[in-house]
2 protein chains.
Amino acid sequence: MPKVKIALDAMGGDFAPEQIVKGAVLAANDSERNFDILLCGPEATVKEELKKNGYSGDAITVIDAPDLVAMDEPPTQVLKTKPKSGLVTCVGLQKQGAAVASVSAGNSGAMMAACLMILGRAANVARPAIACAVPTAKRQAILVDCGANVDEKAPVLVDFALCGSVYAEAVMGYENPTVGLINMGEEEKKGTEVLQEAHQLLKQAPLNFIGNVEGRDFIKGHADVAVAPGYAGNVILKLMEGFYELAHEVFGEVKTEKAKEFDRLWDYRNHGGGLLLGLNGVGIVTHGRADYIAIRHSLFTACKFAKAGVPAKIAEKLSAIKKAEAGG
Amino acid sequence: MPKVKIALDAMGGDFAPEQIVKGAVLAANDSERNFDILLCGPEATVKEELKKNGYSGDAITVIDAPDLVAMDEPPTQVLKTKPKSGLVTCVGLQKQGAAVASVSAGNSGAMMAACLMILGRAANVARPAIACAVPTAKRQAILVDCGANVDEKAPVLVDFALCGSVYAEAVMGYENPTVGLINMGEEEKKGTEVLQEAHQLLKQAPLNFIGNVEGRDFIKGHADVAVAPGYAGNVILKLMEGFYELAHEVFGEVKTEKAKEFDRLWDYRNHGGGLLLGLNGVGIVTHGRADYIAIRHSLFTACKFAKAGVPAKIAEKLSAIKKAEAGG
């Protein structure tokens, strides 16, 4: 049986194409790989990089995509003027059925826009979100939204919770995952108006809602799915990176078992990138500073996510809820 | 010359009165102490605790305040029904001129309300805020607001920046402190509508504004004053606590110089509590889980803050800005 294919933007991120191609080769040479890679970028450049890495296998196919996208280019402009960029091409391949997932470490706004325009939004999802699997003192938690949205209304936060919950169950294998709302106190009446309203809606939703979760308890791992407005989620995600780097600087030489485990769990290169939830397809935005280890990890995560059928499961769950609401 | 007096709520916080009184005694016995303490709580209880700690000096005066305040009691109810609580009494002593600052580890909403009602809001400050001196990879930063407010409009964030800037200059001794806006990207057009508007206002304000600061750069110490809406500020503060606890668990046995320095800087008991900015006086809300070390530190911070005349300096600065605006 032929392997599924993951489309990868060879030119996205601060260290493209070197680290991207190196990551693709690392994945291609991995004995546990259960996918092939469609590597999208300027053909000559990408082939030159593959050669540098000594790769001549058949797990990687180069797809010519000569247009280049800057990190700060407005998303709509990218879609209009750079149809042959690695970013747009790898989403297009998924639309055509040639790939099951698309990965880019490039302009994340443009990647989100490309996925929305080309793959489409899942039915019953108001606003797609970025979900990241992040470390806690217990097991990994799904943090959603990590920055795709701003100024969300309360029902949008409930969608985040539902999508994140499906992700945690289908991909992480968490049974009946706990869902917490990131807030500034445990009491229902804490937080912004939107958070207070979301709290009430989450209580009524078919979720294992455990209430508000404060920053400290989030780190302790109280919630499997942590729901936050995109602004707060993004700040949290980047604080966690900052913490990791600081700890690495202070305790880098420590090689106890506990320290090694911390290093493995908190190194954001091992987190697989941000998954776009609420699309008719699988899009991953990897960190702009992604190196080859992060890229390898994103490819494996994309494959896992696609094979678990998360987009279809989210659509099913939301459709069932809508039906129940209409009937009830 | 008689020493200035700091009023302390003996009954506030999860570990009152034991840890509070123990902290007061620790401060009273400190050779660097340049203040006396008015310890407010039920007289017999507080005297019993002082006895347990073997204290019979004259640096601590017990002020009888028999009413007890619960951590979750509505602030307005506390003000109405518990005028003889330790919390309200220690603010009242400041109003009478008997103390220069008031410290409580109790119900922070009630402490804020008591300070607002009894001491009053500084002229030209729309909404007082909680500021905390927090660790970064460089020097301490002032994080403001740490949760006194929600749903702030953009001009309120500018007030936070101005108040925080005066604090950093007057108490920390930072010359022309840098001010950053906690946001989800460096570009001006990032973040919520309020944050985008605040960014523009901050650019025009008489501040050393360095633009948006992401979570990672905040940890790196890019900004001396980090401005955030109360919701985000509170989440950040508590994440930092959670991170410290986790690091302590993982690396607790490590005793390198770097590790000891990290422990000293990141232990939130050493941070002095949250300073209420924008009042006609000095109020400190110490952590609800404050132990005697945290209480001792809060007393020293309160004294430093009062002696630096921060409230008057904030009033001066804001009045000068208003005058300039009116004239310009």
# chains A, B, ... in the order shown; residues from 1 in each chain; ligands from 1
$ residues_around --residues "segment 96-103 of chain B" --least-positions-apart "5" --cutoff "8 Å" --atoms "only C-alpha atoms" --output "PDB file with N, CA and C atoms, in the first residue's frame"
ATOM      1  N   VAL B   4       8.881  55.567  60.606  1.00  0.00           N
ATOM      2  CA  VAL B   4       7.552  55.531  59.972  1.00  0.00           C
ATOM      3  C   VAL B   4       6.877  54.225  60.369  1.00  0.00           C
ATOM      4  N   LYS B   5       5.573  54.196  60.233  1.00  0.00           N
ATOM      5  CA  LYS B   5       4.826  53.003  60.629  1.00  0.00           C
ATOM      6  C   LYS B   5       4.119  52.371  59.435  1.00  0.00           C
ATOM      7  N   ILE B   6       4.229  51.045  59.370  1.00  0.00           N
ATOM      8  CA  ILE B   6       3.523  50.279  58.333  1.00  0.00           C
ATOM      9  C   ILE B   6       2.417  49.497  59.034  1.00  0.00           C
ATOM     10  N   ALA B   7       1.185  49.632  58.517  1.00  0.00           N
ATOM     11  CA  ALA B   7       0.054  48.893  59.089  1.00  0.00           C
ATOM     12  C   ALA B   7      -0.083  47.549  58.379  1.00  0.00           C
ATOM     13  N   LEU B   8      -0.197  46.488  59.173  1.00  0.00           N
ATOM     14  CA  LEU B   8      -0.255  45.135  58.604  1.00  0.00           C
ATOM     15  C   LEU B   8      -1.499  44.405  59.106  1.00  0.00           C
ATOM     16  N   ASP B   9      -2.252  43.839  58.187  1.00  0.00           N
ATOM     17  CA  ASP B   9      -3.441  43.032  58.494  1.00  0.00           C
ATOM     18  C   ASP B   9      -2.974  41.666  59.001  1.00  0.00           C
ATOM     19  N   LEU B  38       2.317  48.397  62.808  1.00  0.00           N
ATOM     20  CA  LEU B  38       1.028  48.397  63.497  1.00  0.00           C
ATOM     21  C   LEU B  38       0.313  47.128  63.056  1.00  0.00           C
ATOM     22  N   CYS B  90      -6.226  48.644  58.880  1.00  0.00           N
ATOM     23  CA  CYS B  90      -4.861  49.062  58.507  1.00  0.00           C
ATOM     24  C   CYS B  90      -4.889  50.132  57.418  1.00  0.00           C
ATOM     25  N   VAL B  91      -5.942  50.152  56.598  1.00  0.00           N
ATOM     26  CA  VAL B  91      -6.076  51.236  55.621  1.00  0.00           C
ATOM     27  C   VAL B  91      -6.513  52.525  56.332  1.00  0.00           C
ATOM     28  N   GLY B 281      -2.074  57.049  48.426  1.00  0.00           N
ATOM     29  CA  GLY B 281      -1.512  56.307  49.541  1.00  0.00           C
ATOM     30  C   GLY B 281      -0.838  55.049  49.033  1.00  0.00           C
ATOM     31  N   VAL B 282      -0.425  54.211  49.989  1.00  0.00           N
ATOM     32  CA  VAL B 282       0.318  53.009  49.627  1.00  0.00           C
ATOM     33  C   VAL B 282      -0.405  51.767  50.144  1.00  0.00           C
ATOM     34  N   GLY B 283      -0.871  50.944  49.225  1.00  0.00           N
ATOM     35  CA  GLY B 283      -1.507  49.686  49.595  1.00  0.00           C
ATOM     36  C   GLY B 283      -0.785  48.538  48.921  1.00  0.00           C
ATOM     37  N   ILE B 284      -0.564  47.466  49.692  1.00  0.00           N
ATOM     38  CA  ILE B 284       0.072  46.283  49.102  1.00  0.00           C
ATOM     39  C   ILE B 284      -0.814  45.077  49.329  1.00  0.00           C
ATOM     40  N   VAL B 285      -1.116  44.351  48.245  1.00  0.00           N
ATOM     41  CA  VAL B 285      -1.811  43.082  48.383  1.00  0.00           C
ATOM     42  C   VAL B 285      -0.768  41.980  48.224  1.00  0.00           C
ATOM     43  N   THR B 286      -0.535  41.281  49.323  1.00  0.00           N
ATOM     44  CA  THR B 286       0.439  40.198  49.280  1.00  0.00           C
ATOM     45  C   THR B 286      -0.291  38.922  48.885  1.00  0.00           C
ATOM     46  N   SER B 298       7.194  42.048  51.991  1.00  0.00           N
ATOM     47  CA  SER B 298       6.156  43.043  51.676  1.00  0.00           C
ATOM     48  C   SER B 298       6.292  44.280  52.561  1.00  0.00           C
ATOM     49  N   LEU B 299       6.637  44.074  53.829  1.00  0.00           N
ATOM     50  CA  LEU B 299       6.793  45.205  54.746  1.00  0.00           C
ATOM     51  C   LEU B 299       7.944  46.103  54.301  1.00  0.00           C
ATOM     52  N   ALA B 302       6.856  47.924  51.134  1.00  0.00           N
ATOM     53  CA  ALA B 302       5.900  48.993  51.445  1.00  0.00           C
ATOM     54  C   ALA B 302       6.632  50.230  51.936  1.00  0.00           C
ATOM     55  N   CYS B 303       7.620  50.026  52.792  1.00  0.00           N
ATOM     56  CA  CYS B 303       8.375  51.144  53.346  1.00  0.00           C
ATOM     57  C   CYS B 303       9.159  51.868  52.254  1.00  0.00           C
ATOM     58  N   ALA B 306       6.758  53.836  50.090  1.00  0.00           N
ATOM     59  CA  ALA B 306       6.250  55.043  50.761  1.00  0.00           C
ATOM     60  C   ALA B 306       7.343  56.105  50.830  1.00  0.00           C
TER      61      ALA B 306
END
$ interface_residues --of "chain A" --to "chain B" --cutoff "8 Å" --atoms "only C-alpha atoms" --output "PyMOL selection string"
chain A and resi 137+147+150-151+182-184+191-193+214-220+231-232+234-243+246-247+250-251+254+258-259+262
$ select_by_dssp --residues "segment 65-119 of chain A" --states "alpha helix (DSSP H)" --output "PyMOL selection string"
chain A and resi 75-81+86-95+108-114
$ write_last_selection --atoms "N, CA and C atoms" --output "PDB file, in the first residue's frame"
ATOM      1  N   PRO A  75      -1.322  38.371   4.361  1.00  0.00           N
ATOM      2  CA  PRO A  75      -1.865  37.096   3.886  1.00  0.00           C
ATOM      3  C   PRO A  75      -2.626  37.192   2.569  1.00  0.00           C
ATOM      4  N   THR A  76      -3.510  38.184   2.443  1.00  0.00           N
ATOM      5  CA  THR A  76      -4.308  38.257   1.214  1.00  0.00           C
ATOM      6  C   THR A  76      -3.416  38.494   0.002  1.00  0.00           C
ATOM      7  N   GLN A  77      -2.364  39.282   0.198  1.00  0.00           N
ATOM      8  CA  GLN A  77      -1.427  39.549  -0.897  1.00  0.00           C
ATOM      9  C   GLN A  77      -0.701  38.263  -1.316  1.00  0.00           C
ATOM     10  N   VAL A  78      -0.347  37.439  -0.331  1.00  0.00           N
ATOM     11  CA  VAL A  78       0.334  36.173  -0.630  1.00  0.00           C
ATOM     12  C   VAL A  78      -0.560  35.309  -1.510  1.00  0.00           C
ATOM     13  N   LEU A  79      -1.854  35.213  -1.120  1.00  0.00           N
ATOM     14  CA  LEU A  79      -2.776  34.362  -1.872  1.00  0.00           C
ATOM     15  C   LEU A  79      -2.947  34.844  -3.298  1.00  0.00           C
ATOM     16  N   LYS A  80      -3.001  36.178  -3.462  1.00  0.00           N
ATOM     17  CA  LYS A  80      -3.215  36.755  -4.798  1.00  0.00           C
ATOM     18  C   LYS A  80      -1.975  36.660  -5.670  1.00  0.00           C
ATOM     19  N   THR A  81      -0.839  37.017  -5.090  1.00  0.00           N
ATOM     20  CA  THR A  81       0.340  37.228  -5.945  1.00  0.00           C
ATOM     21  C   THR A  81       1.358  36.095  -5.891  1.00  0.00           C
ATOM     22  N   GLY A  86       5.785  27.894  -1.986  1.00  0.00           N
ATOM     23  CA  GLY A  86       5.776  26.595  -1.304  1.00  0.00           C
ATOM     24  C   GLY A  86       4.558  26.475  -0.406  1.00  0.00           C
ATOM     25  N   LEU A  87       4.250  27.565   0.277  1.00  0.00           N
ATOM     26  CA  LEU A  87       3.128  27.605   1.223  1.00  0.00           C
ATOM     27  C   LEU A  87       1.793  27.317   0.535  1.00  0.00           C
ATOM     28  N   VAL A  88       1.489  28.081  -0.511  1.00  0.00           N
ATOM     29  CA  VAL A  88       0.201  27.900  -1.196  1.00  0.00           C
ATOM     30  C   VAL A  88       0.177  26.554  -1.927  1.00  0.00           C
ATOM     31  N   THR A  89       1.307  26.179  -2.504  1.00  0.00           N
ATOM     32  CA  THR A  89       1.369  24.920  -3.244  1.00  0.00           C
ATOM     33  C   THR A  89       1.076  23.727  -2.346  1.00  0.00           C
ATOM     34  N   CYS A  90       1.639  23.722  -1.148  1.00  0.00           N
ATOM     35  CA  CYS A  90       1.449  22.543  -0.310  1.00  0.00           C
ATOM     36  C   CYS A  90       0.014  22.437   0.200  1.00  0.00           C
ATOM     37  N   VAL A  91      -0.678  23.555   0.319  1.00  0.00           N
ATOM     38  CA  VAL A  91      -2.100  23.491   0.666  1.00  0.00           C
ATOM     39  C   VAL A  91      -2.912  23.019  -0.550  1.00  0.00           C
ATOM     40  N   GLY A  92      -2.531  23.527  -1.735  1.00  0.00           N
ATOM     41  CA  GLY A  92      -3.211  23.117  -2.967  1.00  0.00           C
ATOM     42  C   GLY A  92      -3.105  21.622  -3.214  1.00  0.00           C
ATOM     43  N   LEU A  93      -1.968  21.041  -2.908  1.00  0.00           N
ATOM     44  CA  LEU A  93      -1.776  19.593  -3.101  1.00  0.00           C
ATOM     45  C   LEU A  93      -2.759  18.798  -2.244  1.00  0.00           C
ATOM     46  N   GLN A  94      -3.018  19.313  -1.054  1.00  0.00           N
ATOM     47  CA  GLN A  94      -3.977  18.639  -0.172  1.00  0.00           C
ATOM     48  C   GLN A  94      -5.389  18.739  -0.756  1.00  0.00           C
ATOM     49  N   LYS A  95      -5.709  19.912  -1.293  1.00  0.00           N
ATOM     50  CA  LYS A  95      -7.037  20.119  -1.883  1.00  0.00           C
ATOM     51  C   LYS A  95      -7.262  19.139  -3.038  1.00  0.00           C
ATOM     52  N   SER A 108       2.623  32.626   9.248  1.00  0.00           N
ATOM     53  CA  SER A 108       1.518  31.824   9.782  1.00  0.00           C
ATOM     54  C   SER A 108       0.157  32.403   9.416  1.00  0.00           C
ATOM     55  N   GLY A 109       0.073  33.723   9.289  1.00  0.00           N
ATOM     56  CA  GLY A 109      -1.180  34.327   8.853  1.00  0.00           C
ATOM     57  C   GLY A 109      -1.517  33.888   7.437  1.00  0.00           C
ATOM     58  N   ALA A 110      -0.493  33.854   6.582  1.00  0.00           N
ATOM     59  CA  ALA A 110      -0.700  33.447   5.190  1.00  0.00           C
ATOM     60  C   ALA A 110      -1.069  31.966   5.122  1.00  0.00           C
ATOM     61  N   MET A 111      -0.464  31.147   5.976  1.00  0.00           N
ATOM     62  CA  MET A 111      -0.778  29.717   5.991  1.00  0.00           C
ATOM     63  C   MET A 111      -2.224  29.518   6.428  1.00  0.00           C
ATOM     64  N   MET A 112      -2.632  30.241   7.467  1.00  0.00           N
ATOM     65  CA  MET A 112      -4.017  30.159   7.932  1.00  0.00           C
ATOM     66  C   MET A 112      -4.964  30.582   6.806  1.00  0.00           C
ATOM     67  N   ALA A 113      -4.647  31.698   6.148  1.00  0.00           N
ATOM     68  CA  ALA A 113      -5.502  32.211   5.071  1.00  0.00           C
ATOM     69  C   ALA A 113      -5.569  31.219   3.915  1.00  0.00           C
ATOM     70  N   ALA A 114      -4.427  30.639   3.565  1.00  0.00           N
ATOM     71  CA  ALA A 114      -4.391  29.670   2.460  1.00  0.00           C
ATOM     72  C   ALA A 114      -5.248  28.452   2.805  1.00  0.00           C
TER      73      ALA A 114
END
$ closest_residue --among "B:Ala129, B:Ala315, B:Ile142, B:Met71" --to "Val171 of chain B" --atoms "only C-alpha atoms"
B:Ile142
$ atom_distance --atom1 "atom CA of Ala59 of chain A" --atom2 "atom CA of Leu39 of chain A"
10.1 Å
$ residues_around --residues "Gln19 of chain A" --least-positions-apart "6" --cutoff "10 Å" --atoms "only C-alpha atoms" --output "ChimeraX atom specification"
/A:10-13,25,49,289-296
$ write_last_selection --atoms "N, CA and C atoms" --output "short mmCIF file (atom, residue, chain, number, x, y, z; two decimals), in the first residue's frame"
data_model
loop_
_atom_site.label_atom_id
_atom_site.label_comp_id
_atom_site.auth_asym_id
_atom_site.auth_seq_id
_atom_site.Cartn_x
_atom_site.Cartn_y
_atom_site.Cartn_z
N ALA A 10 9.08 24.13 1.68
CA ALA A 10 10.54 24.10 1.86
C ALA A 10 11.11 25.48 2.19
N MET A 11 10.33 26.54 1.92
CA MET A 11 10.88 27.90 2.01
C MET A 11 10.32 28.71 3.19
N GLY A 12 9.64 28.06 4.13
CA GLY A 12 9.04 28.81 5.23
C GLY A 12 9.91 28.84 6.47
N GLY A 13 9.93 30.00 7.14
CA GLY A 13 10.63 30.10 8.41
C GLY A 13 11.99 30.74 8.29
N VAL A 25 14.66 15.30 5.39
CA VAL A 25 15.55 14.15 5.20
C VAL A 25 15.60 13.30 6.47
N GLU A 49 19.76 21.39 -1.91
CA GLU A 49 19.76 21.11 -0.47
C GLU A 49 19.70 19.61 -0.20
N ARG A 289 11.03 29.86 13.96
CA ARG A 289 12.44 29.54 14.22
C ARG A 289 12.70 28.03 14.17
N ALA A 290 11.78 27.32 13.52
CA ALA A 290 11.88 25.87 13.48
C ALA A 290 13.22 25.40 12.90
N ASP A 291 13.86 24.47 13.58
CA ASP A 291 15.04 23.83 13.02
C ASP A 291 14.65 22.43 12.52
N TYR A 292 15.65 21.64 12.11
CA TYR A 292 15.32 20.36 11.48
C TYR A 292 14.60 19.40 12.42
N ILE A 293 14.89 19.49 13.72
CA ILE A 293 14.21 18.62 14.68
C ILE A 293 12.73 18.98 14.77
N ALA A 294 12.45 20.27 14.81
CA ALA A 294 11.06 20.72 14.86
C ALA A 294 10.31 20.31 13.60
N ILE A 295 10.98 20.42 12.45
CA ILE A 295 10.33 20.07 11.18
C ILE A 295 10.01 18.57 11.14
N ARG A 296 10.98 17.76 11.54
CA ARG A 296 10.74 16.33 11.59
C ARG A 296 9.52 16.02 12.46
#
$ closest_residue --among "A:Glu18, A:Asp224, A:Glu188, A:Glu32" --to "Pro135 of chain A" --atoms "only C-alpha atoms"
A:Asp224
$ atom_distance --atom1 "atom CA of Cys132 of chain A" --atom2 "atom CA of Asp145 of chain B"
26.7 Å
$ residues_around --residues "Ala168 of chain B" --least-positions-apart "4" --cutoff "7 Å" --atoms "only C-alpha atoms" --output "list in words"
Ile142, Gly164, Met172, Gly173, Tyr174 and Pro177 of chain B
$ atom_distance --atom1 "atom CA of Ala133 of chain A" --atom2 "atom CA of Leu162 of chain A"
15.3 Å
$ residues_around --residues "Asp58 of chain B" --least-positions-apart "5" --cutoff "10 Å" --atoms "only C-alpha atoms" --output "number ranges by chain"
B: 28, 36-37
$ write_last_selection --atoms "N, CA and C atoms" --output "PDB file, in the first residue's frame"
ATOM      1  N   ALA B  28      10.612  42.887  62.412  1.00  0.00           N
ATOM      2  CA  ALA B  28      10.899  43.693  63.608  1.00  0.00           C
ATOM      3  C   ALA B  28      12.310  43.440  64.129  1.00  0.00           C
ATOM      4  N   ASP B  36       8.355  50.933  61.951  1.00  0.00           N
ATOM      5  CA  ASP B  36       7.687  50.152  62.990  1.00  0.00           C
ATOM      6  C   ASP B  36       6.421  49.557  62.393  1.00  0.00           C
ATOM      7  N   ILE B  37       5.818  48.625  63.115  1.00  0.00           N
ATOM      8  CA  ILE B  37       4.672  47.895  62.559  1.00  0.00           C
ATOM      9  C   ILE B  37       3.444  48.063  63.443  1.00  0.00           C
TER      10      ILE B  37
END
$ select_by_dssp --residues "segment 86-287 of chain B" --states "strand (DSSP E or B)" --output "number ranges by chain"
B: 101-104, 121, 129-134, 141-144, 178-182, 208-213, 225-227, 274-277, 279, 283-285
